[in-house]
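Here's the structure we're looking at; comments come further down.
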Amino acid sequence: MIEYASAETTAVLRTHAGKVEQNERPAGEALDALRKDGVFALRTPREYGGAWADAETIARELTGLGRACPSTAWIAGTCVTSKNLAAGSFAGAGTPESPEFFADPDALFCGSGVPGARGEWVPEGVRVNGRWPNVSGCEDATWAGLAVMVDGAFSFALVPTADLVVERTWSMAGMRGTGSHTLVAADVLVPAERIAAGTPFTPNDMMLFAMTVLGPVVGAAQGALDAVNAMFASDRKPFMTEYTSMGESPGARQWLAEATYLVNRAENTMLTVAREANSAALSPVDVPRLRAALADAGQDCRTAVERMLDLHGASGFNTSNVLQRFWRDVAVGSRHPHLNPYLAVENLGTALAGQ
């Protein structure tokens with residue numbers, strides 16, 4: 001496996017990962033490191049000082065970050081998705097030459113594609129009222145890209161998070177540090193230039209969005225494998241056996257090989273899909289085919305971590321052991337709707353049958 005994110009940034013994330021989970025939000029030190037490393041500018045358009053990185057680059061970066069702290073990597077992925085939405089909806093579409101929301105290319109964005117609010121046109125813009133659950137990083141973001149039903153039409157709004165209220169509703173077994181709480185709008189006025197009707201993203205964008213979910217999950221599985229490899233390099237041995245090390249056991253060696261193979265396969269699947277999403281416009285059959293592949297990669301990560309926990313034994317579930325944190329993060333993150341395995345198969349079958 002290759003280290004993708006910078007060594008300095010991953011070291012900061014790894015150092016503060018425990019605090020991230022305990023506080024249920026990213027550490028300030030980690031956010032500062034991501035800004036310095038240009039992570040929050042990965043999907044800021046180049047004309048506004050960002051990288052506008054492609055799907056493969058983003059997948060690699062988020063994987064490297066997830067290997068150190070999956071929750072922080074997840075927030076970085078949410079920023080990619082939200083900035084992609086902002087660029088597609090507003091930049092270059094009659095807005096000022098330098099839109100205020102891209103004035104700082106390293107600003108953290110959050111968002112939700114669930115239309116949890118309703119808007120009503122008024123002379124000054126749109127009055128918005130509603131709630132959006134599960135908005136990752138909302139306590140630390142500057143802008144939120146939010147789906148809104150405006151006069152019955154699906155629309156997106158860009159709203160400063162300072163205009164919204166955060167309700168701390170996120171209480172999960174895994175990805176606890178994402179701070180995916182509920183944002184609330186109470187009669188918030190959104191200027192007309194920050195409301196866009198319709199869905200601005202393409203099938204290729206949908207693949208990019210899936211990368212922002214899978215990258216941190218693959219990284220978490222790699223982080224778990226790092227912990228297990230460290231165990232094999234230590235004086236740990238299979239309990240109640242005559243072996244003097246883990247590596248002496250043929251069974252342990254086989255399960256290590258299986259776990260490593262599955263993690264590597266998940267990474268290779270993700271990068272293969274990312275390259276295809278970068279190369280050409282996707283057909284109606286391509287999208288469900290690639291989504292099924294990504295769902296398989298998520299399942300590979302779960303299976304691999306279960307193998308690792310079997311190798312480690314009950315001590316792997318000690319709350320001081322990083323392995324159990326990676327396990328919980330993989331278990332939760334890999335069940336995001338973008339990686340839903342039964343719907344992926346269902347949608348692929350529908351597309352292949354021409355329904």
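If you're wondering about the labels, chains in the structure tokens are A, B, ... by order shown, residues count from 1 in each chain, ligands from 1 in order shown.
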
Please provide the set of residues having any atom within 9 Å of A:Gly125, restricted to only C-alpha atoms, with same-chain residues fewer than 4 positions apart removed, written as a PDB file with C-alpha atoms, in the first residue's frame.
```pdb
ATOM      1  CA  GLU A 120     -40.639  30.623  -0.358  1.00  0.00           C
ATOM      2  CA  TRP A 121     -39.732  33.379  -2.772  1.00  0.00           C
ATOM      3  CA  LEU A 189     -33.170  34.605   4.024  1.00  0.00           C
ATOM      4  CA  VAL A 190     -31.073  33.250   1.151  1.00  0.00           C
ATOM      5  CA  PRO A 191     -30.272  35.745  -1.650  1.00  0.00           C
ATOM      6  CA  ALA A 192     -31.548  34.742  -5.088  1.00  0.00           C
ATOM      7  CA  GLU A 193     -28.015  34.359  -6.439  1.00  0.00           C
ATOM      8  CA  ARG A 194     -27.398  31.572  -3.936  1.00  0.00           C
ATOM      9  CA  ILE A 195     -30.443  29.488  -4.956  1.00  0.00           C
TER      10      ILE A 195
END
```

Can you list every residue of stretch 263-355 of chain A that has an atom at most 12 Å from stretch 205-208 of chain A, with its nearest atom pair and the distance in Å to one decimal, using only C-alpha atoms, ordered by chain then number, as a tab-separated table?
```
residue	atom	partner	partner_atom	distance
A:Met270	CA	A:Met207	CA	10.0
A:Leu271	CA	A:Leu208	CA	11.1
A:Thr272	CA	A:Met207	CA	11.5
A:Val273	CA	A:Met207	CA	7.9
A:Ala274	CA	A:Met207	CA	7.3
A:Arg275	CA	A:Met207	CA	10.3
A:Glu276	CA	A:Met207	CA	9.4
A:Ala277	CA	A:Met207	CA	6.4
A:Asn278	CA	A:Leu208	CA	8.9
A:Ser279	CA	A:Met207	CA	12.0
A:Ala280	CA	A:Asp205	CA	11.7
A:Ala281	CA	A:Asp205	CA	10.1
A:Leu282	CA	A:Met207	CA	9.5
A:Asp286	CA	A:Met207	CA	10.2
A:Val287	CA	A:Met207	CA	7.6
A:Pro288	CA	A:Met207	CA	9.9
A:Arg289	CA	A:Met207	CA	10.9
A:Leu290	CA	A:Met207	CA	7.8
A:Arg291	CA	A:Met207	CA	7.5
A:Ala292	CA	A:Met207	CA	11.2
A:Ala293	CA	A:Met207	CA	11.1
A:Leu294	CA	A:Met207	CA	9.2
A:Ala295	CA	A:Met207	CA	11.8
A:Pro337	CA	A:Met206	CA	11.9
A:His338	CA	A:Met206	CA	8.8
A:Leu339	CA	A:Met207	CA	10.8
```

Output of the above residues as a short mmCIF file (atom, residue, chain, number, x, y, z; two decimals), in the first residue's frame, restricted to N, CA and C atoms:
```cif
data_model
loop_
_atom_site.label_atom_id
_atom_site.label_comp_id
_atom_site.auth_asym_id
_atom_site.auth_seq_id
_atom_site.Cartn_x
_atom_site.Cartn_y
_atom_site.Cartn_z
N MET A 270 -11.60 0.59 -6.10
CA MET A 270 -11.92 2.02 -5.99
C MET A 270 -11.16 2.84 -7.03
N LEU A 271 -9.87 2.59 -7.19
CA LEU A 271 -9.06 3.38 -8.12
C LEU A 271 -9.42 3.07 -9.57
N THR A 272 -9.77 1.83 -9.86
CA THR A 272 -10.20 1.48 -11.21
C THR A 272 -11.48 2.22 -11.58
N VAL A 273 -12.44 2.25 -10.65
CA VAL A 273 -13.68 2.98 -10.89
C VAL A 273 -13.40 4.47 -11.05
N ALA A 274 -12.51 5.00 -10.22
CA ALA A 274 -12.18 6.42 -10.29
C ALA A 274 -11.59 6.77 -11.66
N ARG A 275 -10.71 5.92 -12.17
CA ARG A 275 -10.12 6.20 -13.49
C ARG A 275 -11.18 6.17 -14.58
N GLU A 276 -12.10 5.23 -14.49
CA GLU A 276 -13.16 5.17 -15.50
C GLU A 276 -14.07 6.39 -15.41
N ALA A 277 -14.35 6.82 -14.20
CA ALA A 277 -15.20 8.01 -14.02
C ALA A 277 -14.51 9.25 -14.56
N ASN A 278 -13.18 9.26 -14.53
CA ASN A 278 -12.43 10.41 -15.04
C ASN A 278 -12.37 10.44 -16.56
N SER A 279 -12.45 9.26 -17.19
CA SER A 279 -12.05 9.15 -18.60
C SER A 279 -13.12 9.53 -19.59
N ALA A 280 -14.39 9.29 -19.29
CA ALA A 280 -15.44 9.52 -20.29
C ALA A 280 -16.79 9.65 -19.60
N ALA A 281 -17.75 10.16 -20.36
CA ALA A 281 -19.12 10.24 -19.85
C ALA A 281 -19.66 8.83 -19.64
N LEU A 282 -20.35 8.64 -18.54
CA LEU A 282 -20.84 7.30 -18.17
C LEU A 282 -22.23 7.07 -18.74
N ASP A 286 -23.36 2.03 -17.12
CA ASP A 286 -22.08 2.19 -16.43
C ASP A 286 -22.26 2.55 -14.97
N VAL A 287 -23.17 3.45 -14.69
CA VAL A 287 -23.32 3.94 -13.31
C VAL A 287 -23.68 2.82 -12.35
N PRO A 288 -24.74 2.04 -12.58
CA PRO A 288 -25.03 0.95 -11.63
C PRO A 288 -23.94 -0.12 -11.60
N ARG A 289 -23.27 -0.35 -12.74
CA ARG A 289 -22.17 -1.32 -12.76
C ARG A 289 -21.04 -0.87 -11.84
N LEU A 290 -20.68 0.38 -11.93
CA LEU A 290 -19.60 0.89 -11.10
C LEU A 290 -20.03 1.01 -9.64
N ARG A 291 -21.29 1.36 -9.41
CA ARG A 291 -21.78 1.42 -8.02
C ARG A 291 -21.73 0.05 -7.38
N ALA A 292 -22.04 -1.00 -8.14
CA ALA A 292 -21.97 -2.36 -7.60
C ALA A 292 -20.53 -2.71 -7.24
N ALA A 293 -19.59 -2.28 -8.07
CA ALA A 293 -18.18 -2.55 -7.77
C ALA A 293 -17.75 -1.84 -6.49
N LEU A 294 -18.19 -0.60 -6.31
CA LEU A 294 -17.83 0.14 -5.10
C LEU A 294 -18.47 -0.48 -3.86
N ALA A 295 -19.70 -0.97 -4.00
CA ALA A 295 -20.35 -1.65 -2.87
C ALA A 295 -19.57 -2.90 -2.49
N PRO A 337 -25.46 5.10 1.99
CA PRO A 337 -26.28 4.77 0.81
C PRO A 337 -25.49 4.65 -0.49
N HIS A 338 -24.40 5.39 -0.65
CA HIS A 338 -23.59 5.28 -1.87
C HIS A 338 -22.99 3.89 -2.03
N LEU A 339 -22.89 3.12 -0.94
CA LEU A 339 -22.27 1.80 -0.98
C LEU A 339 -23.26 0.68 -0.66
#
```

For the contact check between stretch 190-240 of chain A and stretch 319-333 of chain A, emit one row per residue of stretch 190-240 of chain A within 8 Å, containing the shortest atom pair and the distance in Å rounded to one decimal, counting only C-alpha atoms, chain then rising number order, as a Markdown table.
```
| residue | atom | partner | partner_atom | distance |
| --- | --- | --- | --- | --- |
| A:Val213 | CA | A:Gly333 | CA | 7.1 |
| A:Leu214 | CA | A:Gly333 | CA | 7.8 |
| A:Pro216 | CA | A:Gly333 | CA | 7.9 |
| A:Val217 | CA | A:Val330 | CA | 5.4 |
| A:Val218 | CA | A:Val330 | CA | 8.0 |
| A:Ala220 | CA | A:Phe326 | CA | 5.4 |
| A:Ala221 | CA | A:Phe326 | CA | 6.8 |
| A:Gly223 | CA | A:Phe326 | CA | 6.9 |
| A:Ala224 | CA | A:Leu323 | CA | 5.4 |
| A:Ala227 | CA | A:Leu323 | CA | 6.5 |
| A:Val228 | CA | A:Leu323 | CA | 8.0 |
```

If you run DSSP over the backbone, which residues in stretch 177-298 of chain A end up helix (DSSP H, G or I)? Put them as a PyMOL selection string. chain A and resi 177-178+192-194+203-232+246-248+250-279+286-298

Could those residues be written to a file, using C-alpha atoms, as a CSV table (one decimal), in the first residue's frame?
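Contents of result35.csv, as written:
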```
chain,number,residue,atom,x,y,z
A,177,GLY,CA,-15.8,12.2,15.1
A,178,THR,CA,-17.6,13.4,11.9
A,192,ALA,CA,-31.5,34.7,-5.1
A,193,GLU,CA,-28.0,34.4,-6.4
A,194,ARG,CA,-27.4,31.6,-3.9
A,203,PRO,CA,-23.3,10.6,-13.5
A,204,ASN,CA,-19.5,11.1,-13.3
A,205,ASP,CA,-20.2,13.4,-10.4
A,206,MET,CA,-22.1,10.7,-8.7
A,207,MET,CA,-19.1,8.4,-8.9
A,208,LEU,CA,-17.0,11.2,-7.4
A,209,PHE,CA,-19.4,11.5,-4.5
A,210,ALA,CA,-19.1,7.7,-3.9
A,211,MET,CA,-15.3,8.1,-3.8
A,212,THR,CA,-15.6,10.6,-1.0
A,213,VAL,CA,-17.4,7.9,1.0
A,214,LEU,CA,-15.3,4.9,0.0
A,215,GLY,CA,-11.9,6.5,0.3
A,216,PRO,CA,-12.1,7.0,4.1
A,217,VAL,CA,-13.4,3.5,4.5
A,218,VAL,CA,-10.6,1.9,2.5
A,219,GLY,CA,-8.2,4.1,4.5
A,220,ALA,CA,-9.7,2.9,7.8
A,221,ALA,CA,-9.2,-0.8,6.7
A,222,GLN,CA,-5.6,0.1,5.9
A,223,GLY,CA,-5.2,1.6,9.3
A,224,ALA,CA,-6.5,-1.5,10.9
A,225,LEU,CA,-4.1,-3.6,8.8
A,226,ASP,CA,-1.3,-1.4,10.1
A,227,ALA,CA,-2.3,-2.2,13.6
A,228,VAL,CA,-2.4,-6.0,12.9
A,229,ASN,CA,1.0,-5.9,11.1
A,230,ALA,CA,2.5,-4.2,14.1
A,231,MET,CA,1.1,-7.0,16.2
A,232,PHE,CA,2.8,-9.6,14.0
A,246,MET,CA,2.0,-14.9,15.5
A,247,GLY,CA,3.9,-15.5,12.4
A,248,GLU,CA,4.7,-19.1,13.4
A,250,PRO,CA,0.2,-21.1,9.5
A,251,GLY,CA,-3.5,-20.2,10.2
A,252,ALA,CA,-2.5,-16.8,11.4
A,253,ARG,CA,-0.4,-16.2,8.3
A,254,GLN,CA,-3.2,-17.3,6.0
A,255,TRP,CA,-5.7,-15.0,7.7
A,256,LEU,CA,-3.2,-12.1,7.5
A,257,ALA,CA,-2.8,-12.8,3.8
A,258,GLU,CA,-6.6,-12.9,3.3
A,259,ALA,CA,-7.1,-9.6,5.1
A,260,THR,CA,-4.3,-7.9,3.2
A,261,TYR,CA,-5.6,-9.3,-0.1
A,262,LEU,CA,-9.1,-8.0,0.6
A,263,VAL,CA,-7.9,-4.5,1.6
A,264,ASN,CA,-5.7,-4.3,-1.5
A,265,ARG,CA,-8.6,-5.5,-3.7
A,266,ALA,CA,-10.9,-2.8,-2.3
A,267,GLU,CA,-8.3,-0.1,-3.0
A,268,ASN,CA,-7.7,-1.4,-6.5
A,269,THR,CA,-11.5,-1.5,-7.2
A,270,MET,CA,-11.9,2.0,-6.0
A,271,LEU,CA,-9.1,3.4,-8.1
A,272,THR,CA,-10.2,1.5,-11.2
A,273,VAL,CA,-13.7,3.0,-10.9
A,274,ALA,CA,-12.2,6.4,-10.3
A,275,ARG,CA,-10.1,6.2,-13.5
A,276,GLU,CA,-13.2,5.2,-15.5
A,277,ALA,CA,-15.2,8.0,-14.0
A,278,ASN,CA,-12.4,10.4,-15.0
A,279,SER,CA,-12.0,9.1,-18.6
A,286,ASP,CA,-22.1,2.2,-16.4
A,287,VAL,CA,-23.3,3.9,-13.3
A,288,PRO,CA,-25.0,0.9,-11.6
A,289,ARG,CA,-22.2,-1.3,-12.8
A,290,LEU,CA,-19.6,0.9,-11.1
A,291,ARG,CA,-21.8,1.4,-8.0
A,292,ALA,CA,-22.0,-2.4,-7.6
A,293,ALA,CA,-18.2,-2.5,-7.8
A,294,LEU,CA,-17.8,0.1,-5.1
A,295,ALA,CA,-20.3,-1.6,-2.9
A,296,ASP,CA,-18.3,-4.8,-3.2
A,297,ALA,CA,-15.2,-2.8,-2.2
A,298,GLY,CA,-17.0,-1.7,1.0
```

For A:Ala107, work out the shell of residues within 12 Å, counting only C-alpha atoms and skipping chain neighbours fewer than 4 positions away, then give it as a ChimeraX atom specification. /A:31-32,34-36,38-44,48-50,76,79-80,82-83,100-103,140-144,160-161

Atomic distance atom CA of A:Ala197 - atom CA of A:Ser89, expressed in Å with one decimal: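 Straight-line distance from atom CA of A:Ala197 to atom CA of A:Ser89 works out to 8.4 Å.
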
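Proximity ranking of A:Ala162, A:Ala233, A:Cys301, A:Leu108 relative to A:Val188 places A:Ala162 first, based on only C-alpha atoms.
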
In terms of the shortest atom-to-atom distance over only C-alpha atoms, which of A:Arg168, A:Arg131, A:His312, A:Arg176 is closest to A:Gly18?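 Nearest candidate to A:Gly18 out of A:Arg168, A:Arg131, A:His312, A:Arg176: A:Arg176.
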
What separates atom CA of A:Gly198 and atom CA of A:Trp74 is a distance of 25.9 Å

Of the residues A:Thr241, A:Ser71, A:Thr15, A:Ser112, which is the one nearest to A:Gly174, using only C-alpha atoms?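 Smallest separation from A:Gly174 among the options: A:Ser71.
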
Fewer than 5 positions away in the same chain doesn't count, so skip those; otherwise give me all residues within 10 Å of A:Thr350, counting only C-alpha atoms, as a list in words.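 These residues fall inside the cut-off: Val285, Pro288, Ala344, Val345 and Gln355 of chain A.
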
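With only C-alpha atoms as the basis for measurement, A:Ala185 is the residue among A:Ala185, A:Leu146, A:Leu348, A:Ser6 that approaches A:Leu164 most closely.
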